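*Asks:* Dropping a structure here in structure tokens format, bear with me for questions.
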Amino acid sequence: MTEFVGLCRNEWIKLWRHRRVAISLVGALALGIAILNVLATSHGGSWQDSVRVEIGQLKQLEAQIARASSAGDLPSLPGDATQVFARQLALRQYLLAHDVAPDSWYPLTGAATSVFVTSFPILLLLFAGLSAELLAQERNDETIALLLARPVSRRAILMAKAVAVLAASLVVVLVGLVLTYVLGGVLHGGWDRFSGSVLVIKDPSLGPVLSNVVLLPGWSYALLSLGVSLLAVLMAVGFGLLVSTFSRRGGSAIALTIGGLFALPSMAGALGPILHSPAWLHWFFFNQVMPAANLGDRAGPTTGLVGLGLSVAVLVGWALLFYGGAILIFLRRDEIG
Amino acid sequence: MAEAVLTIEHLTRRYGDRTAIQDLNLCVHAGQTVGFLGPNGAGKTTTIRILLGLIRPDSGRALIAGADTWSDHVRAARHYGAVLETTAFYDYLSGRENLRQFARAGGRASETEIATLLDRVDLGDRADDRVAHYSNGMRQRLALAQALLGRPGLLILDEPLNGLDPAGIHEVRELIRELSDDGMAVFLSSHQLSEVQSLCERIAVIHHGFLRIEGSLADLTKVHQDELAIAVSDPARARAVLGAMAEVTLMDDGDAEPLDMVRVSTAEGLGGEVTRRLVTAGIDVREMHRVRRSLEDVFLELTEVKDIDEGAA
């Protein structure tokens, strides 16, 4: 165990000394986006007034679309879009009726949404890219032979590399979370609102009815967002490591990994409507890279706790597959130094 | 005899259709210094990669302190330190930080030991500079310090003198000699035959994946002690005289030797008869000595002659 801790320390030192500029710059970019989101959602007055305004806007929009559709100026909206529109309206009415503030109202939940939803794709690409480089760069620099010649197992080396990136990701997201929370607190006139609860839908198909909602305290909402987001990081790091096990160049490993994480969701997004959103499409990792988006009072066809459960199952499954594959390849691979 | 620290048994490795090493057998005992020689592509690097657990043999096995270098790599690696042909380090870290990295990776070296090792390879005053600023010689010395972490029983050295200037070569040679005197076994692969000859007591020559010869340096060079080099006043006539003797074989055609030298091979004890014939023929004999073949001669004979034979076949 002591040796494994030593290995993790080694990897952490190498990661930071070699890639501190990239980590700092991309981390700062993600933080900047999160801060912009906090600024964009900052509000004065009471949340009830804000929600009433939103309800009014939604109703107005709904009426305009209905008029345009009946006049033949607009094609009628597809079923999914109509349902999402109706759920948005119903959710806001529910919040108002049950005196539950929207999740963006509280500094902590707003910060969690900003970091784990708005700026999370950038962070995910950063961590996946870093992990993709880990072994490939050792090969590129020809240090891998010296490392593997030491009395330490390949499995331990691989796991230590993963732990180092996961630790770095935890530091970056926690720094982002604290800074956006403090900023949100300043903007909203106080950052001690841990006790405020936010609404989370269980099954999105049933809509906001009493038996289908859960009220989560702000701190548990933030912790849950952190947990499921780290699971996504775990999966992305596993994907990067898998690519790294067979790559000889750090640059190509990063390109392949980021390309996979960036291009595949877009492809899935394009294929979804063509294939009429088949259920099997949801079981791919690239459709579940932002699990925290399932939480909160946003409404979508796969949001809510059901969607979160699906995301967690998919991410765990793919993470196991990626790490298992990476270990299997790395343990058997000839390293020619 | 001391216990075997390295045992190679029937080791075979192929890359596709090409056989890199074939049925290699070798043993290094505690305290021995063994030179591992072979031309480029002979199979030396493949053998060393197997010893370090970097690649897996197709058949056979290599044991270090009784542990298989592939299937029981961690245990085997606790008993050796290695200097690789490419002295790659983490360039963005200092020499000391690099040693800390490798010490934590399975070793147990303390800060004191790291400082001592850096001083021993004469890097003490540059220990905190980034390795990116090191010369080849400094990298080579750092590689040696890295190999000595945890004081292993076997040192595997792949071209440890590459990139060193004459003074550096002298220092490293002396260091290897000291380690060997302290009881550390050394397995040294090198192209610098004179260095191998000066450091190693045993030699193994590999060629086209096969072990051509293995034995003590004294035995390998003794084989050719029936050669005579004779300095004469008239080399052409001396060749004619000696060529007529049934017991004598001329070893040269005169082109490759100094102007007054003739090299012949005779049965032992015929030096007197050779001198008498030359003197009788009116040829002055200025000097005569037995030729002790260098390791280079043995190496070239084992590798080049084979190449010519195989080329002709």
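Following the order of the structure tokens, first chain is A, next is B, and so on, with residues numbered from 1 inside each chain and ligands from 1 in the order they appear.
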Can you pull out every residue from stretch 4-169 of chain A that DSSP, working from the backbone, puts in alpha helix (DSSP H), and format the result as a PyMOL selection string?

*Replies:* chain A and resi 4-40+47-70+79-97+107-113+120-140+144-148+154-169

*Asks:* Output the selection as a short mmCIF file (atom, residue, chain, number, x, y, z; two decimals), in the first residue's frame - C-alpha atoms for each residue.

*Replies:*
data_model
loop_
_atom_site.label_atom_id
_atom_site.label_comp_id
_atom_site.auth_asym_id
_atom_site.auth_seq_id
_atom_site.Cartn_x
_atom_site.Cartn_y
_atom_site.Cartn_z
CA PHE A 4 1.17 2.36 -4.28
CA VAL A 5 0.88 5.69 -2.46
CA GLY A 6 4.45 6.43 -3.55
CA LEU A 7 3.55 5.60 -7.14
CA CYS A 8 0.48 7.85 -7.00
CA ARG A 9 2.69 10.63 -5.64
CA ASN A 10 5.11 10.08 -8.53
CA GLU A 11 2.32 10.36 -11.07
CA TRP A 12 0.87 13.43 -9.41
CA ILE A 13 4.28 15.15 -9.47
CA LYS A 14 4.84 14.24 -13.14
CA LEU A 15 1.34 15.34 -14.12
CA TRP A 16 1.62 18.69 -12.38
CA ARG A 17 5.21 19.47 -13.39
CA HIS A 18 4.64 18.46 -16.99
CA ARG A 19 1.13 19.76 -17.57
CA ARG A 20 0.53 22.51 -15.02
CA VAL A 21 0.17 25.17 -17.71
CA ALA A 22 -2.48 23.18 -19.60
CA ILE A 23 -4.32 22.30 -16.37
CA SER A 24 -4.26 25.92 -15.20
CA LEU A 25 -5.34 27.40 -18.54
CA VAL A 26 -8.14 24.94 -19.29
CA GLY A 27 -9.21 24.98 -15.64
CA ALA A 28 -9.35 28.79 -15.78
CA LEU A 29 -11.38 28.65 -18.99
CA ALA A 30 -13.89 26.25 -17.43
CA LEU A 31 -14.05 28.40 -14.31
CA GLY A 32 -14.62 31.48 -16.45
CA ILE A 33 -17.56 29.81 -18.18
CA ALA A 34 -18.97 28.72 -14.81
CA ILE A 35 -18.64 32.27 -13.48
CA LEU A 36 -20.37 33.66 -16.58
CA ASN A 37 -23.20 31.23 -15.95
CA VAL A 38 -23.51 32.39 -12.34
CA LEU A 39 -23.54 36.01 -13.50
CA ALA A 40 -26.14 35.22 -16.19
CA TRP A 47 -37.72 33.95 -6.76
CA GLN A 48 -41.53 33.80 -6.90
CA ASP A 49 -41.60 36.92 -9.06
CA SER A 50 -38.95 35.44 -11.36
CA VAL A 51 -40.87 32.18 -11.76
CA ARG A 52 -44.14 34.05 -12.41
CA VAL A 53 -42.40 36.02 -15.16
CA GLU A 54 -41.07 32.77 -16.66
CA ILE A 55 -44.56 31.21 -16.55
CA GLY A 56 -45.99 34.25 -18.29
CA GLN A 57 -43.30 34.06 -20.99
CA LEU A 58 -43.88 30.35 -21.51
CA LYS A 59 -47.64 30.80 -21.83
CA GLN A 60 -47.20 33.66 -24.27
CA LEU A 61 -44.81 31.57 -26.35
CA GLU A 62 -47.17 28.61 -26.26
CA ALA A 63 -50.05 30.75 -27.49
CA GLN A 64 -47.96 32.27 -30.30
CA ILE A 65 -46.85 28.84 -31.51
CA ALA A 66 -50.44 27.53 -31.39
CA ARG A 67 -51.70 30.53 -33.41
CA ALA A 68 -48.91 30.20 -35.97
CA SER A 69 -49.50 26.46 -36.30
CA SER A 70 -53.26 26.80 -36.81
CA GLY A 79 -44.46 15.29 -29.87
CA ASP A 80 -41.25 15.31 -27.76
CA ALA A 81 -40.83 19.07 -28.03
CA THR A 82 -44.47 19.69 -27.12
CA GLN A 83 -44.09 17.46 -24.06
CA VAL A 84 -40.89 19.17 -22.89
CA PHE A 85 -42.56 22.55 -23.35
CA ALA A 86 -45.55 21.43 -21.30
CA ARG A 87 -43.28 20.01 -18.57
CA GLN A 88 -41.32 23.24 -18.29
CA LEU A 89 -44.55 25.06 -17.66
CA ALA A 90 -45.89 22.47 -15.24
CA LEU A 91 -42.62 22.43 -13.29
CA ARG A 92 -42.65 26.17 -12.72
CA GLN A 93 -46.27 26.07 -11.67
CA TYR A 94 -45.40 23.26 -9.24
CA LEU A 95 -42.48 25.25 -7.75
CA LEU A 96 -44.76 28.21 -7.20
CA ALA A 97 -47.61 26.14 -5.79
CA PRO A 107 -25.60 29.83 -4.37
CA LEU A 108 -24.54 26.23 -3.72
CA THR A 109 -26.89 24.50 -6.17
CA GLY A 110 -26.29 27.27 -8.71
CA ALA A 111 -22.52 26.72 -8.36
CA ALA A 112 -22.97 22.95 -8.74
CA THR A 113 -25.00 23.46 -11.92
CA PHE A 120 -18.22 20.30 -17.33
CA PRO A 121 -17.62 19.26 -20.99
CA ILE A 122 -14.41 21.33 -21.04
CA LEU A 123 -13.20 19.78 -17.79
CA LEU A 124 -14.03 16.31 -19.06
CA LEU A 125 -11.99 16.87 -22.22
CA LEU A 126 -9.08 18.15 -20.11
CA PHE A 127 -9.01 15.11 -17.83
CA ALA A 128 -9.52 12.64 -20.68
CA GLY A 129 -6.71 14.32 -22.63
CA LEU A 130 -4.38 14.20 -19.63
CA SER A 131 -5.04 10.51 -19.08
CA ALA A 132 -4.58 9.72 -22.78
CA GLU A 133 -1.10 11.16 -22.59
CA LEU A 134 0.03 9.27 -19.51
CA LEU A 135 1.46 6.09 -21.05
CA ALA A 136 1.84 7.36 -24.61
CA GLN A 137 4.10 10.18 -23.45
CA GLU A 138 6.26 7.78 -21.42
CA ARG A 139 6.67 5.77 -24.64
CA ASN A 140 7.35 8.90 -26.65
CA ILE A 144 8.61 3.69 -20.03
CA ALA A 145 11.34 1.03 -20.12
CA LEU A 146 13.03 2.47 -17.05
CA LEU A 147 9.70 2.74 -15.24
CA LEU A 148 8.64 -0.81 -16.07
CA ARG A 154 2.14 -2.78 -14.48
CA ARG A 155 -1.33 -2.86 -12.94
CA ALA A 156 -0.13 -0.63 -10.09
CA ILE A 157 1.48 1.80 -12.55
CA LEU A 158 -1.73 2.05 -14.56
CA MET A 159 -3.90 2.52 -11.49
CA ALA A 160 -1.54 5.13 -10.02
CA LYS A 161 -1.76 7.12 -13.25
CA ALA A 162 -5.56 7.01 -13.13
CA VAL A 163 -5.59 8.04 -9.46
CA ALA A 164 -3.33 11.03 -10.23
CA VAL A 165 -5.70 12.36 -12.91
CA LEU A 166 -8.74 11.71 -10.73
CA ALA A 167 -7.09 13.58 -7.85
CA ALA A 168 -6.29 16.48 -10.19
CA SER A 169 -9.89 16.51 -11.42
#

*Asks:* For B:Ile8, list every protein, DNA or RNA residue within 12 Å, evaluated using only C-alpha atoms, and leave out those in the same chain fewer than 5 positions away; present the list as a ChimeraX atom specification.

*Replies:* /B:21-29,47-48,50-51,57,59-69,211

*Asks:* May I have the selected residues written with C-alpha atoms, as a JSON list (two decimals), in the first residue's frame?

*Replies:*
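Listed below is the output, selection_13.json:
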[["chain", "number", "residue", "atom", "x", "y", "z"],
["B", 21, "ILE", "CA", 17.03, -15.15, -30.01],
["B", 22, "GLN", "CA", 16.99, -18.92, -30.21],
["B", 23, "ASP", "CA", 17.45, -21.36, -27.33],
["B", 24, "LEU", "CA", 19.70, -19.03, -25.38],
["B", 25, "ASN", "CA", 21.29, -20.43, -22.22],
["B", 26, "LEU", "CA", 23.46, -18.41, -19.91],
["B", 27, "CYS", "CA", 24.27, -18.11, -16.24],
["B", 28, "VAL", "CA", 25.73, -15.27, -14.18],
["B", 29, "HIS", "CA", 26.88, -15.99, -10.65],
["B", 47, "THR", "CA", 17.62, -10.50, -24.32],
["B", 48, "ILE", "CA", 17.96, -7.45, -22.10],
["B", 50, "ILE", "CA", 13.29, -9.94, -21.52],
["B", 51, "LEU", "CA", 15.51, -9.65, -18.45],
["B", 57, "PRO", "CA", 9.73, -14.75, -24.30],
["B", 59, "SER", "CA", 9.59, -20.06, -24.83],
["B", 60, "GLY", "CA", 12.18, -20.63, -22.16],
["B", 61, "ARG", "CA", 12.65, -18.32, -19.22],
["B", 62, "ALA", "CA", 14.97, -15.90, -17.52],
["B", 63, "LEU", "CA", 15.31, -16.05, -13.76],
["B", 64, "ILE", "CA", 16.81, -13.37, -11.56],
["B", 65, "ALA", "CA", 17.43, -14.52, -8.00],
["B", 66, "GLY", "CA", 15.11, -17.41, -8.81],
["B", 67, "ALA", "CA", 12.19, -15.22, -9.93],
["B", 68, "ASP", "CA", 10.87, -15.30, -13.50],
["B", 69, "THR", "CA", 11.45, -11.91, -15.10],
["B", 211, "LEU", "CA", 24.94, -18.02, -28.42]]

*Asks:* Can you work out which one of A:Thr245, A:Ser104, A:Ser119, A:Gln288 has the shortest atom-to-atom distance to A:Ala222, counting only C-alpha atoms?

*Replies:*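 Closest residue, counting only C-alpha atoms: A:Ser104.
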
*Asks:* Can you work out which one of A:Val152, A:Leu199, A:Met1, A:Leu261 has the shortest atom-to-atom distance to chain B, counting only C-alpha atoms?

*Replies:*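 Closest to chain B of all the choices is A:Val152.
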
*Asks:* What lies within 6 Å of A:Gly218 using only C-alpha atoms, ignoring chain neighbours under 3 positions off, as a list of chain:residue names?

*Replies:*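 Non-adjacent residues within range: A:Thr109, A:Phe194, A:Gly196, A:Ser197, A:Tyr221.
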
*Asks:* Determine, for each residue of chain B having at least one atom at most 9 Å from an atom of chain A, the closest pair of atoms and their separation in Å to one decimal, counting only C-alpha atoms; order by chain and ascending number, as CSV.

*Replies:*
residue,atom,partner,partner_atom,distance
B:Thr46,CA,A:Ile336,CA,8.5
B:Arg49,CA,A:Ile336,CA,7.2
B:Leu51,CA,A:Ala149,CA,8.9
B:Leu52,CA,A:Ala149,CA,5.2
B:Gly53,CA,A:Ala149,CA,6.5
B:Leu54,CA,A:Glu335,CA,5.1
B:Ile55,CA,A:Asp334,CA,4.4
B:Arg56,CA,A:Asp334,CA,6.7
B:His73,CA,A:Pro151,CA,6.9
B:Val74,CA,A:Pro151,CA,4.3
B:Arg75,CA,A:Pro151,CA,6.7
B:Ala76,CA,A:Pro151,CA,7.4
B:Ala77,CA,A:Pro151,CA,4.6
B:Arg78,CA,A:Pro151,CA,5.4
B:His79,CA,A:Pro151,CA,8.7
B:Tyr80,CA,A:Arg150,CA,8.8
B:Gly81,CA,A:Arg150,CA,8.0
B:Ala82,CA,A:Ala149,CA,7.5
B:Val83,CA,A:Leu146,CA,8.2
B:Leu84,CA,A:Leu146,CA,7.5
B:Thr86,CA,A:Glu142,CA,7.5
B:Thr87,CA,A:Thr143,CA,8.3
B:Ala88,CA,A:Thr143,CA,5.3
B:Phe89,CA,A:Thr143,CA,5.8
B:Tyr90,CA,A:Thr143,CA,7.1
B:Asp91,CA,A:Asp141,CA,9.0
B:Tyr92,CA,A:His18,CA,6.7
B:Leu93,CA,A:Arg17,CA,7.7
B:Arg100,CA,A:Asn10,CA,8.5
B:Gln101,CA,A:Asn10,CA,5.7
B:Phe102,CA,A:Arg150,CA,7.1
B:Ala103,CA,A:Arg150,CA,8.7
B:Arg104,CA,A:Gly6,CA,5.3
B:Ala105,CA,A:Leu7,CA,5.7
B:Gly106,CA,A:Pro151,CA,4.8
B:Gly107,CA,A:Pro151,CA,6.9
B:Arg108,CA,A:Glu3,CA,9.0
